[in-house]
>>> print(open('target-v9.cif').read())   # mmCIF, C-alpha atoms
data_my_file
#
loop_
_atom_site.label_atom_id
_atom_site.label_comp_id
_atom_site.auth_asym_id
_atom_site.auth_seq_id
_atom_site.Cartn_x
_atom_site.Cartn_y
_atom_site.Cartn_z
CA MET X 1 166.87 -46.07 -187.44
CA ASN X 2 166.56 -45.13 -183.82
CA THR X 3 167.78 -41.59 -183.64
CA GLY X 4 167.54 -41.28 -179.91
CA ASN X 5 164.96 -40.14 -177.44
CA THR X 6 162.75 -38.04 -179.68
CA GLY X 7 159.80 -40.21 -178.80
CA ASN X 8 158.96 -40.84 -182.43
CA THR X 9 158.04 -44.32 -183.41
CA ASP X 10 159.09 -45.40 -186.83
CA ASP X 11 155.71 -46.65 -187.79
CA ALA X 12 155.40 -45.96 -191.48
CA ASP X 13 154.82 -49.66 -192.05
CA ASP X 14 151.99 -50.36 -189.69
CA MET X 15 149.24 -48.50 -191.47
CA SER X 16 147.17 -51.62 -191.82
CA ASP X 17 147.04 -51.91 -188.08
CA ILE X 18 144.09 -49.76 -187.13
CA SER X 19 141.58 -50.68 -184.54
CA GLY X 20 142.32 -50.61 -180.88
CA GLU X 21 145.84 -49.33 -181.28
CA VAL X 22 147.09 -46.84 -178.78
CA ALA X 23 149.61 -44.27 -179.84
CA PHE X 24 152.61 -43.53 -177.68
CA ASP X 25 152.31 -40.23 -175.92
CA GLY X 26 155.09 -38.76 -178.02
CA GLU X 27 153.52 -39.97 -181.18
CA GLU X 28 150.10 -38.63 -180.28
CA LEU X 29 151.69 -35.26 -179.69
CA GLY X 30 153.33 -35.43 -183.11
CA LEU X 31 150.03 -36.25 -184.78
CA ASP X 32 148.31 -33.43 -182.91
CA LEU X 33 150.94 -31.03 -184.20
CA LEU X 34 150.48 -32.31 -187.73
CA GLU X 35 146.73 -31.84 -187.44
CA GLU X 36 147.25 -28.32 -186.14
CA GLU X 37 149.51 -27.62 -189.08
CA LEU X 38 146.83 -28.89 -191.45
CA ARG X 39 144.35 -26.57 -189.78
CA ARG X 40 146.63 -23.61 -190.45
CA ALA X 41 147.09 -24.75 -194.04
CA ALA X 42 143.30 -24.87 -194.54
CA ALA X 43 142.91 -21.41 -193.02
CA ILE X 44 145.41 -20.08 -195.54
CA LEU X 45 144.68 -22.09 -198.68
CA ASP X 46 140.95 -22.73 -198.39
CA PRO X 47 139.27 -20.40 -195.88
CA VAL X 48 135.54 -19.70 -195.77
CA PRO X 49 135.06 -17.13 -198.55
CA PRO X 50 134.20 -13.83 -196.80
CA GLU X 51 131.23 -13.15 -199.08
CA LEU X 52 129.72 -16.50 -198.08
CA ARG X 53 130.22 -15.75 -194.41
CA GLN X 54 128.40 -12.45 -194.95
CA ILE X 55 125.49 -14.19 -196.68
CA ALA X 56 125.21 -16.55 -193.71
CA VAL X 57 125.12 -13.59 -191.32
CA GLU X 58 122.32 -12.01 -193.38
CA ALA X 59 120.42 -15.31 -193.42
CA PHE X 60 119.17 -14.46 -189.94
CA ALA X 61 116.38 -12.61 -191.76
CA LEU X 62 115.04 -16.03 -192.79
CA HIS X 63 114.38 -16.89 -189.15
CA ASP X 64 110.60 -16.72 -188.95
CA LEU X 65 108.80 -18.45 -186.13
CA ASP X 66 105.39 -17.56 -187.51
CA ALA X 67 105.78 -19.36 -190.81
CA ARG X 68 105.17 -23.08 -190.91
CA ILE X 69 107.77 -25.20 -192.62
CA ALA X 70 106.53 -27.26 -195.53
CA GLU X 71 108.78 -30.30 -195.31
CA LEU X 72 110.30 -31.90 -198.33
CA THR X 73 108.68 -35.34 -198.51
CA PHE X 74 109.65 -36.35 -202.03
CA ASP X 75 112.65 -35.40 -204.14
CA SER X 76 113.15 -37.27 -207.40
CA VAL X 77 116.93 -36.89 -207.00
CA VAL X 78 116.88 -39.29 -204.08
CA ASP X 79 113.49 -40.94 -204.16
CA ALA X 80 113.12 -41.90 -207.81
CA LEU X 81 115.04 -44.46 -209.78
CA PRO X 82 116.98 -42.95 -212.64
CA VAL X 83 115.85 -43.91 -216.10
CA ARG X 84 118.73 -45.01 -218.24
CA GLY X 85 119.45 -42.48 -220.96
CA ALA X 86 117.01 -39.96 -219.57
CA THR X 87 119.40 -37.16 -218.78
CA ASP X 88 117.11 -34.17 -218.87
CA MET X 89 114.37 -35.25 -216.51
CA PRO X 90 112.63 -32.51 -214.54
CA ARG X 91 113.29 -32.62 -210.83
CA MET X 92 110.08 -33.37 -208.98
CA LEU X 93 109.60 -32.11 -205.43
CA THR X 94 106.75 -32.47 -202.97
CA PHE X 95 106.37 -30.48 -199.78
CA HIS X 96 103.85 -30.99 -196.98
CA ALA X 97 102.64 -28.80 -194.14
CA GLY X 98 99.52 -29.76 -192.27
CA GLY X 99 96.80 -30.32 -194.85
CA VAL X 100 98.61 -28.49 -197.65
CA THR X 101 100.69 -30.16 -200.33
CA VAL X 102 102.92 -28.30 -202.78
CA ASP X 103 104.10 -30.13 -205.90
CA VAL X 104 106.93 -28.52 -207.83
CA GLU X 105 108.67 -29.45 -211.04
CA LEU X 106 112.03 -27.89 -211.92
CA THR X 107 113.07 -27.87 -215.55
CA ALA X 108 115.59 -26.00 -217.65
CA GLN X 109 112.77 -23.61 -218.53
CA GLY X 110 111.78 -22.73 -215.00
CA LEU X 111 109.44 -24.15 -212.43
CA MET X 112 105.81 -25.08 -212.39
CA GLY X 113 103.74 -26.41 -209.58
CA GLN X 114 100.44 -26.77 -207.82
CA VAL X 115 99.13 -26.12 -204.35
CA LEU X 116 96.70 -28.76 -203.09
CA PRO X 117 93.90 -28.71 -202.14
CA PRO X 118 93.36 -26.30 -205.04
CA GLN X 119 93.29 -22.70 -203.88
CA THR X 120 94.49 -19.23 -204.75
CA ALA X 121 97.76 -18.52 -202.97
CA GLY X 122 100.48 -15.90 -203.16
CA ILE X 123 103.89 -17.39 -203.82
CA GLU X 124 107.33 -15.88 -203.47
CA VAL X 125 110.28 -17.61 -205.14
CA LEU X 126 113.22 -17.20 -202.76
CA SER X 127 116.92 -17.58 -203.49
CA GLY X 128 118.22 -15.99 -200.32
CA PRO X 129 117.32 -13.66 -197.46
CA GLN X 130 116.32 -10.87 -199.85
CA ALA X 131 112.75 -10.55 -201.19
CA GLY X 132 111.94 -12.99 -203.95
CA TRP X 133 109.84 -12.87 -207.09
CA ALA X 134 106.11 -12.74 -206.33
CA LEU X 135 103.55 -14.86 -208.17
CA GLU X 136 99.95 -15.85 -207.73
CA THR X 137 98.43 -19.25 -208.35
CA ASP X 138 95.33 -19.65 -210.48
CA PRO X 139 92.13 -20.84 -208.74
CA MET X 140 93.29 -24.43 -209.28
CA GLY X 141 96.41 -23.69 -207.28
CA ARG X 142 98.71 -23.89 -210.31
CA PHE X 143 101.67 -21.60 -210.85
CA THR X 144 104.59 -21.19 -213.23
CA TYR X 145 107.79 -19.22 -213.09
CA GLY X 146 109.91 -18.69 -216.19
CA GLU X 147 113.36 -18.66 -214.65
CA PRO X 148 115.11 -21.91 -213.80
CA PRO X 149 116.14 -21.65 -210.14
CA ALA X 150 119.87 -22.10 -209.63
CA GLY X 151 121.43 -22.54 -206.24
CA PRO X 152 119.57 -22.23 -202.95
CA PHE X 153 115.85 -22.16 -203.43
CA ALA X 154 112.63 -22.09 -201.40
CA LEU X 155 109.01 -20.99 -201.84
CA ARG X 156 107.08 -18.82 -199.42
CA LEU X 157 103.33 -19.34 -199.75
CA ARG X 158 100.47 -17.26 -198.40
CA THR X 159 97.60 -19.70 -198.19
CA GLY X 160 94.25 -19.89 -196.45
CA GLU X 161 96.11 -21.68 -193.64
CA GLY X 162 98.68 -18.94 -193.12
CA VAL X 163 102.25 -18.57 -194.29
CA LEU X 164 104.24 -21.64 -195.30
CA VAL X 165 107.88 -21.79 -196.32
CA THR X 166 109.26 -24.85 -198.04
CA ASP X 167 112.47 -26.49 -196.84
CA TRP X 168 115.49 -24.91 -198.48
CA LEU X 169 117.29 -27.01 -201.04
CA THR X 170 119.91 -26.57 -203.74
CA ALA X 171 118.36 -26.42 -207.20
CA MET O 172 134.07 -21.08 -180.45
CA ASP O 173 133.63 -22.92 -177.20
CA ARG O 174 131.18 -25.65 -178.06
CA GLY O 175 129.61 -25.24 -174.64
CA ASP O 176 128.29 -21.86 -175.76
CA VAL O 177 126.49 -23.16 -178.83
CA GLY O 178 123.25 -24.17 -177.09
CA ALA O 179 122.95 -20.82 -175.33
CA LEU O 180 123.72 -18.88 -178.52
CA VAL O 181 121.07 -20.82 -180.43
CA GLN O 182 118.55 -20.04 -177.72
CA THR O 183 119.45 -16.33 -177.74
CA ALA O 184 119.25 -16.23 -181.54
CA VAL O 185 115.81 -17.88 -181.43
CA ASP O 186 114.73 -14.98 -179.24
CA GLY O 187 115.77 -12.60 -182.00
CA ASP O 188 119.33 -11.61 -181.08
CA ALA O 189 121.25 -10.98 -184.31
CA ALA O 190 124.59 -10.80 -182.47
CA ALA O 191 124.11 -14.35 -181.19
CA TRP O 192 123.36 -15.49 -184.71
CA LYS O 193 126.49 -13.76 -185.98
CA ALA O 194 128.53 -15.50 -183.30
CA LEU O 195 127.11 -18.84 -184.45
CA VAL O 196 128.05 -18.04 -188.04
CA GLU O 197 131.57 -17.00 -187.03
CA GLY O 198 132.06 -20.06 -184.86
CA LEU O 199 130.53 -22.71 -187.09
CA SER O 200 131.17 -21.45 -190.63
CA PRO O 201 134.58 -23.16 -190.84
CA LEU O 202 132.96 -26.46 -189.88
CA VAL O 203 130.26 -26.13 -192.55
CA TRP O 204 132.83 -25.08 -195.14
CA SER O 205 135.15 -27.96 -194.24
CA VAL O 206 132.34 -30.48 -194.59
CA VAL O 207 131.37 -29.03 -197.96
CA ARG O 208 135.00 -28.99 -199.11
CA SER O 209 135.54 -32.56 -197.99
CA HIS O 210 133.04 -33.62 -200.63
CA ARG O 211 134.10 -33.40 -204.25
CA LEU O 212 131.98 -30.53 -205.46
CA SER O 213 132.76 -27.80 -207.97
CA ASP O 214 133.46 -24.37 -206.47
CA ALA O 215 130.05 -23.12 -207.59
CA ASP O 216 128.22 -26.07 -206.06
CA ALA O 217 130.21 -25.76 -202.85
CA HIS O 218 129.17 -22.11 -202.55
CA GLU O 219 125.53 -22.96 -203.13
CA VAL O 220 125.44 -25.83 -200.68
CA TYR O 221 127.08 -23.71 -198.00
CA GLN O 222 124.30 -21.13 -198.43
CA THR O 223 121.51 -23.70 -198.47
CA VAL O 224 122.80 -25.13 -195.19
CA TRP O 225 122.75 -21.75 -193.45
CA PHE O 226 119.36 -20.80 -194.90
CA ARG O 227 117.93 -24.06 -193.63
CA PHE O 228 119.55 -23.56 -190.24
CA ALA O 229 118.00 -20.07 -189.96
CA GLN O 230 114.64 -21.51 -191.00
CA HIS O 231 114.76 -24.39 -188.50
CA LEU O 232 116.45 -22.44 -185.71
CA GLY O 233 113.57 -22.48 -183.23
CA ARG O 234 112.77 -26.11 -183.97
CA ILE O 235 116.13 -27.76 -183.44
CA ARG O 236 115.65 -30.36 -180.74
CA GLU O 237 119.12 -30.31 -179.25
CA PRO O 238 120.45 -26.76 -179.62
CA GLU O 239 123.78 -27.69 -178.02
CA LYS O 240 124.32 -30.06 -180.94
CA ALA O 241 123.78 -27.39 -183.60
CA GLY O 242 127.27 -28.11 -184.96
CA ALA O 243 126.35 -31.72 -185.63
CA TRP O 244 123.03 -30.57 -187.14
CA LEU O 245 124.88 -28.27 -189.54
CA ALA O 246 127.48 -30.92 -190.39
CA SER O 247 124.81 -33.52 -191.10
CA THR O 248 122.74 -31.10 -193.20
CA ALA O 249 125.85 -30.15 -195.18
CA ARG O 250 126.70 -33.78 -195.81
CA HIS O 251 123.23 -34.65 -197.04
CA GLU O 252 123.01 -31.62 -199.29
CA CYS O 253 126.45 -32.42 -200.77
CA LEU O 254 125.45 -36.01 -201.48
CA LYS O 255 122.24 -34.82 -203.10
CA VAL O 256 124.03 -32.36 -205.36
CA LEU O 257 126.55 -35.04 -206.35
CA LYS O 258 123.73 -37.39 -207.15
CA SER O 259 121.82 -34.89 -209.27
CA LEU O 260 125.02 -34.01 -211.17
CA ARG O 261 125.59 -37.62 -211.99
CA ARG O 262 122.04 -37.88 -213.23
CA LEU O 263 121.95 -34.78 -215.32
CA THR O 264 125.48 -34.81 -216.72
CA PRO O 265 126.73 -38.39 -216.63
CA THR O 266 130.05 -37.63 -218.34
CA ASP O 267 130.90 -34.75 -216.08
CA ASP O 268 133.37 -35.70 -213.39
CA PRO O 269 132.96 -33.31 -210.47
CA GLN O 270 136.32 -34.43 -209.12
CA LEU O 271 138.09 -32.69 -211.95
CA LEU O 272 136.56 -29.43 -210.86
CA ASP O 273 137.76 -29.64 -207.32
CA ARG O 274 140.84 -27.60 -206.77
CA VAL O 275 142.26 -24.97 -204.53
CA SER O 276 141.22 -21.54 -205.70
CA ASP O 277 143.86 -19.57 -207.55
CA ASP O 278 142.74 -16.39 -205.93
CA ARG O 279 145.14 -15.38 -203.25
CA THR O 280 143.83 -14.58 -199.84
CA PRO O 281 145.45 -11.75 -197.89
CA GLU O 282 147.07 -14.33 -195.64
CA GLN O 283 148.47 -16.06 -198.66
CA SER O 284 149.88 -12.84 -200.06
CA PHE O 285 151.53 -12.26 -196.74
CA LEU O 286 153.08 -15.68 -196.90
CA ASP O 287 154.46 -14.82 -200.29
CA LEU O 288 156.88 -12.46 -198.65
CA GLU O 289 160.32 -13.80 -199.07
CA GLU O 290 160.99 -14.73 -195.46
CA ALA O 291 157.84 -16.86 -195.46
CA ALA O 292 158.47 -18.57 -198.79
CA ALA O 293 159.71 -21.78 -197.18
CA GLU O 294 156.61 -22.04 -195.03
CA THR O 295 154.43 -21.51 -198.10
CA GLU O 296 156.24 -24.30 -199.86
CA ARG O 297 155.72 -26.61 -196.97
CA ILE O 298 152.02 -25.86 -196.70
CA ARG O 299 151.56 -26.37 -200.42
CA HIS O 300 153.36 -29.71 -200.27
CA MET O 301 151.16 -30.75 -197.41
CA TRP O 302 148.08 -29.79 -199.39
CA GLN O 303 149.26 -31.74 -202.42
CA GLU O 304 150.01 -34.83 -200.35
CA LEU O 305 146.59 -34.56 -198.81
CA GLU O 306 145.05 -34.72 -202.27
CA GLU O 307 146.99 -37.93 -202.93
CA LEU O 308 145.97 -39.57 -199.70
CA GLY O 309 142.89 -41.42 -200.88
CA ASP O 310 139.30 -40.33 -200.55
CA ARG O 311 138.58 -41.58 -197.08
CA CYS O 312 141.58 -39.98 -195.42
CA ARG O 313 141.37 -36.81 -197.47
CA GLN O 314 137.75 -36.40 -196.49
CA LEU O 315 138.29 -37.05 -192.81
CA LEU O 316 141.29 -34.75 -192.55
CA ARG O 317 139.55 -31.96 -194.44
CA VAL O 318 136.73 -32.04 -191.90
CA LEU O 319 139.14 -32.19 -188.97
CA MET O 320 140.86 -29.07 -190.34
CA ALA O 321 137.89 -26.90 -189.37
CA SER O 322 138.84 -24.21 -186.91
CA PRO O 323 138.15 -24.54 -184.02
CA PRO O 324 138.58 -28.32 -184.19
CA PRO O 325 135.25 -30.11 -184.56
CA SER O 326 133.98 -32.50 -181.92
CA TYR O 327 133.91 -36.18 -182.86
CA GLN O 328 130.14 -35.96 -182.77
CA GLU O 329 130.31 -33.29 -185.48
CA VAL O 330 132.80 -35.31 -187.51
CA SER O 331 130.51 -38.30 -187.22
CA ALA O 332 127.56 -36.24 -188.51
CA ALA O 333 129.70 -34.77 -191.29
CA LEU O 334 130.89 -38.09 -192.66
CA GLY O 335 128.29 -40.61 -191.58
CA ILE O 336 130.81 -42.72 -189.67
CA ALA O 337 130.61 -43.97 -186.09
CA VAL O 338 132.14 -41.76 -183.41
CA GLY O 339 134.20 -44.71 -182.18
CA SER O 340 135.96 -45.20 -185.48
CA ILE O 341 137.08 -41.60 -185.87
CA GLY O 342 140.05 -41.74 -183.46
CA PRO O 343 141.71 -44.79 -185.01
CA LEU O 344 140.98 -43.55 -188.53
CA ARG O 345 142.42 -40.15 -187.70
CA GLN O 346 145.63 -41.68 -186.40
CA ARG O 347 145.97 -43.85 -189.42
CA CYS O 348 145.41 -40.98 -191.85
CA LEU O 349 147.76 -38.60 -190.07
CA ARG O 350 150.47 -41.27 -189.96
CA ARG O 351 150.01 -41.92 -193.61
CA LEU O 352 150.26 -38.23 -194.40
CA ARG O 353 153.37 -37.90 -192.25
CA ALA O 354 154.98 -40.85 -194.01
CA ARG O 355 154.34 -39.20 -197.36
CA LEU O 356 155.78 -35.91 -196.17
CA GLU O 357 158.84 -37.70 -194.81
CA ALA O 358 159.33 -39.53 -198.07
CA ARG O 359 159.26 -36.18 -199.76
CA GLY O 360 161.76 -34.81 -197.32
CA ALA O 361 159.34 -32.13 -196.29
CA VAL O 362 159.33 -32.69 -192.55
#
>>> encode(input="target-v9.cif", output="structure tokens")
Amino acid sequence: MNTGNTGNTDDADDMSDISGEVAFDGEELGLDLLEEELRRAAAILDPVPPELRQIAVEAFALHDLDARIAELTFDSVVDALPVRGATDMPRMLTFHAGGVTVDVELTAQGLMGQVLPPQTAGIEVLSGPQAGWALETDPMGRFTYGEPPAGPFALRLRTGEGVLVTDWLTA
Amino acid sequence: MDRGDVGALVQTAVDGDAAAWKALVEGLSPLVWSVVRSHRLSDADAHEVYQTVWFRFAQHLGRIREPEKAGAWLASTARHECLKVLKSLRRLTPTDDPQLLDRVSDDRTPEQSFLDLEEAAAETERIRHMWQELEELGDRCRQLLRVLMASPPPSYQEVSAALGIAVGSIGPLRQRCLRRLRARLEARGAV
């Protein structure tokens, strides 16, 4: 099997031997080259789609130091136990910023929610850096929106305590 | 992108410099995309998660505690968002297997079209074989190698954030996976 001084080790059998092993210099070089080749393959076969890169560039518009972030504190996808057989449950989300809580429910019909403590607030439903759909809550802080959000999603709220933006998530 | 520049670029972007932000996107997009692609999401979900990650990064830009580790922040955010989407898919459509949807796009990139030129046909073949073998490698190796394929190469700290594995285990795992891939390519006579 030894074909000379190529520095390759014939190690196809030792794959179970993992921790603490040290590769020979020649072998490490070979693996580096293979990794580099993989990197080229990825750049050719599965590069970042240019339109996505462009959207990320435009996302700079979402940088807003004046708005407070309403953090996601509950998401039924991770925080609730699934109910067997219940396949069409609404997704429940809760966001918090300071003294304000925003409860949101996502269904196939759209979204509904409530700002607490109850208050009138302007709400913008965002799906990207561009302006979103504008709504207003009723005096109880409740709001509905008749389009089910798909993809990236956040709410921008104009409340008595200033502007809040919820954490972005994937609806 | 030189990872040493990341902290300074984040700081400049926080101050409102769109060019610094663009440089961050150019330098770290392949990392985010690789992390997303290393998880078994449909194309549509992968596109959405990629956007969510960048929107959240823009939103949190001035609040990131360790700007020089923005790559790890992005990798970790991408991982968590991928896991969440996988979990919600399983909940909402239990019979739907997202793995079946994961495939290399049939659309040809300009680079790919170039490779289709006759003189490059052999190289194309080789790259396609490599890609196929990668798919056969088992989830753990496939996932690790897909993340490592980001360009420029990710730091181990970023890989750790992307996959939720200890930094110390990445080196040995990498060697093992690359060896395994090489053995498969050799068996195929493709080396």
>>> atom_distance(input="target-v9.cif", atom1="atom CA of O:Thr248", atom2="atom CA of O:Val224")
6.3 Å
>>> atom_distance(input="target-v9.cif", atom1="atom CA of X:Thr107", atom2="atom CA of X:Val77")
13.0 Å
>>> interface_residues(input="target-v9.cif", of="chain X", to="chain O", cutoff="7 Å", atoms="all atoms listed in the file", output="ChimeraX atom specification")
/X:12,15,18-19,31,38-39,41-42,44-46,48,53,56-57,59-60,62-65,77,87-88,151-152,167-170
>>> atom_distance(input="target-v9.cif", atom1="atom CA of X:Tyr145", atom2="atom CA of X:Leu126")
11.8 Å
>>> residues_near_point(input="target-v9.cif", point="(95.8, -21.7, -199.2)", cutoff="9 Å", atoms="only C-alpha atoms", output="PyMOL selection string")
chain X and resi 100+115-122+141+157-163
>>> resolve_selection(input="target-v9.cif", expression="the PyMOL selection byres ((chain O and resi 327) around 10)", output="short mmCIF file (atom, residue, chain, number, x, y, z; two decimals) with C-alpha atoms, keeping the file's coordinate frame")
data_model
loop_
_atom_site.label_atom_id
_atom_site.label_comp_id
_atom_site.auth_asym_id
_atom_site.auth_seq_id
_atom_site.Cartn_x
_atom_site.Cartn_y
_atom_site.Cartn_z
CA ALA O 243 126.35 -31.72 -185.63
CA LEU O 319 139.14 -32.19 -188.97
CA PRO O 324 138.58 -28.32 -184.19
CA PRO O 325 135.25 -30.11 -184.56
CA SER O 326 133.98 -32.50 -181.92
CA GLN O 328 130.14 -35.96 -182.77
CA GLU O 329 130.31 -33.29 -185.48
CA VAL O 330 132.80 -35.31 -187.51
CA SER O 331 130.51 -38.30 -187.22
CA ALA O 332 127.56 -36.24 -188.51
CA ALA O 333 129.70 -34.77 -191.29
CA ILE O 336 130.81 -42.72 -189.67
CA ALA O 337 130.61 -43.97 -186.09
CA VAL O 338 132.14 -41.76 -183.41
CA GLY O 339 134.20 -44.71 -182.18
CA SER O 340 135.96 -45.20 -185.48
CA ILE O 341 137.08 -41.60 -185.87
CA GLY O 342 140.05 -41.74 -183.46
#
>>> residues_near_point(input="target-v9.cif", point="(116.1, -14.2, -196.9)", cutoff="7 Å", atoms="only C-alpha atoms", output="list in words")
Ala59, Ala61, Leu62, Gly128, Pro129, Gln130 and Ala131 of chain X
>>> resolve_selection(input="target-v9.cif", expression="the PyMOL selection byres ((chain X and resi 90) around 9)", output="PyMOL selection string")
chain X and resi 76+88-89+91-92+105-108
>>> resolve_selection(input="target-v9.cif", expression="the PyMOL selection byres ((chain X and resi 148) around 6)", output="VMD selection string")
chain X and resid 108 to 110 147 149
>>> closest_residue(input="target-v9.cif", among="X:Leu93, X:Met112, X:Ala154, X:Met140", to="X:Glu124", atoms="all atoms listed in the file")
X:Ala154
>>> axis_aligned_box(input="target-v9.cif", around="stretch 233-238 of chain O", padding_each_side="4 Å", output="AutoDock Vina command-line options")
--center_x 116.6 --center_y -26.4 --center_z -181.6 --size_x 15.7 --size_y 15.9 --size_z 12.7
>>> build_atoms(input="target-v9.cif", residues="stretch 239-262 of chain O", atoms="N, CA and C atoms", output="mmCIF file, keeping the file's coordinate frame")
data_model
loop_
_atom_site.group_PDB
_atom_site.id
_atom_site.type_symbol
_atom_site.label_atom_id
_atom_site.label_comp_id
_atom_site.auth_asym_id
_atom_site.auth_seq_id
_atom_site.Cartn_x
_atom_site.Cartn_y
_atom_site.Cartn_z
ATOM 1 N N GLU O 239 122.339 -27.598 -178.320
ATOM 2 C CA GLU O 239 123.780 -27.690 -178.020
ATOM 3 C C GLU O 239 124.497 -28.537 -179.072
ATOM 4 N N LYS O 240 123.709 -29.262 -179.874
ATOM 5 C CA LYS O 240 124.320 -30.060 -180.940
ATOM 6 C C LYS O 240 124.129 -29.409 -182.310
ATOM 7 N N ALA O 241 124.002 -28.094 -182.324
ATOM 8 C CA ALA O 241 123.780 -27.390 -183.600
ATOM 9 C C ALA O 241 124.917 -27.654 -184.585
ATOM 10 N N GLY O 242 126.135 -27.818 -184.067
ATOM 11 C CA GLY O 242 127.270 -28.110 -184.960
ATOM 12 C C GLY O 242 127.058 -29.409 -185.713
ATOM 13 N N ALA O 243 126.602 -30.423 -184.995
ATOM 14 C CA ALA O 243 126.350 -31.720 -185.630
ATOM 15 C C ALA O 243 125.167 -31.603 -186.608
ATOM 16 N N TRP O 244 124.176 -30.797 -186.236
ATOM 17 C CA TRP O 244 123.030 -30.570 -187.140
ATOM 18 C C TRP O 244 123.510 -29.963 -188.447
ATOM 19 N N LEU O 245 124.349 -28.936 -188.349
ATOM 20 C CA LEU O 245 124.880 -28.270 -189.540
ATOM 21 C C LEU O 245 125.741 -29.228 -190.365
ATOM 22 N N ALA O 246 126.580 -29.999 -189.680
ATOM 23 C CA ALA O 246 127.480 -30.920 -190.390
ATOM 24 C C ALA O 246 126.669 -31.974 -191.145
ATOM 25 N N SER O 247 125.636 -32.484 -190.479
ATOM 26 C CA SER O 247 124.810 -33.520 -191.100
ATOM 27 C C SER O 247 124.014 -32.954 -192.279
ATOM 28 N N THR O 248 123.474 -31.746 -192.103
ATOM 29 C CA THR O 248 122.740 -31.100 -193.200
ATOM 30 C C THR O 248 123.662 -30.855 -194.385
ATOM 31 N N ALA O 249 124.881 -30.403 -194.106
ATOM 32 C CA ALA O 249 125.850 -30.150 -195.180
ATOM 33 C C ALA O 249 126.172 -31.437 -195.929
ATOM 34 N N ARG O 250 126.394 -32.494 -195.171
ATOM 35 C CA ARG O 250 126.700 -33.780 -195.810
ATOM 36 C C ARG O 250 125.580 -34.230 -196.737
ATOM 37 N N HIS O 251 124.343 -34.171 -196.228
ATOM 38 C CA HIS O 251 123.230 -34.650 -197.040
ATOM 39 C C HIS O 251 123.028 -33.801 -198.290
ATOM 40 N N GLU O 252 123.203 -32.499 -198.133
ATOM 41 C CA GLU O 252 123.010 -31.620 -199.290
ATOM 42 C C GLU O 252 124.129 -31.863 -200.318
ATOM 43 N N CYS O 253 125.343 -32.100 -199.851
ATOM 44 C CA CYS O 253 126.450 -32.420 -200.770
ATOM 45 C C CYS O 253 126.155 -33.702 -201.539
ATOM 46 N N LEU O 254 125.713 -34.725 -200.829
ATOM 47 C CA LEU O 254 125.450 -36.010 -201.480
ATOM 48 C C LEU O 254 124.341 -35.854 -202.524
ATOM 49 N N LYS O 255 123.348 -35.036 -202.178
ATOM 50 C CA LYS O 255 122.240 -34.820 -203.100
ATOM 51 C C LYS O 255 122.718 -34.113 -204.372
ATOM 52 N N VAL O 256 123.526 -33.096 -204.196
ATOM 53 C CA VAL O 256 124.030 -32.360 -205.360
ATOM 54 C C VAL O 256 124.897 -33.287 -206.219
ATOM 55 N N LEU O 257 125.724 -34.102 -205.586
ATOM 56 C CA LEU O 257 126.550 -35.040 -206.350
ATOM 57 C C LEU O 257 125.675 -36.009 -207.137
ATOM 58 N N LYS O 258 124.611 -36.444 -206.494
ATOM 59 C CA LYS O 258 123.730 -37.390 -207.150
ATOM 60 C C LYS O 258 123.002 -36.763 -208.333
ATOM 61 N N SER O 259 122.549 -35.527 -208.164
ATOM 62 C CA SER O 259 121.820 -34.890 -209.270
ATOM 63 C C SER O 259 122.777 -34.554 -210.410
ATOM 64 N N LEU O 260 124.031 -34.248 -210.108
ATOM 65 C CA LEU O 260 125.020 -34.010 -211.170
ATOM 66 C C LEU O 260 125.217 -35.253 -212.000
ATOM 67 N N ARG O 261 125.349 -36.362 -211.292
ATOM 68 C CA ARG O 261 125.590 -37.620 -211.990
ATOM 69 C C ARG O 261 124.423 -37.956 -212.909
ATOM 70 N N ARG O 262 123.228 -37.606 -212.428
ATOM 71 C CA ARG O 262 122.040 -37.880 -213.230
ATOM 72 C C ARG O 262 121.975 -36.999 -214.453
#
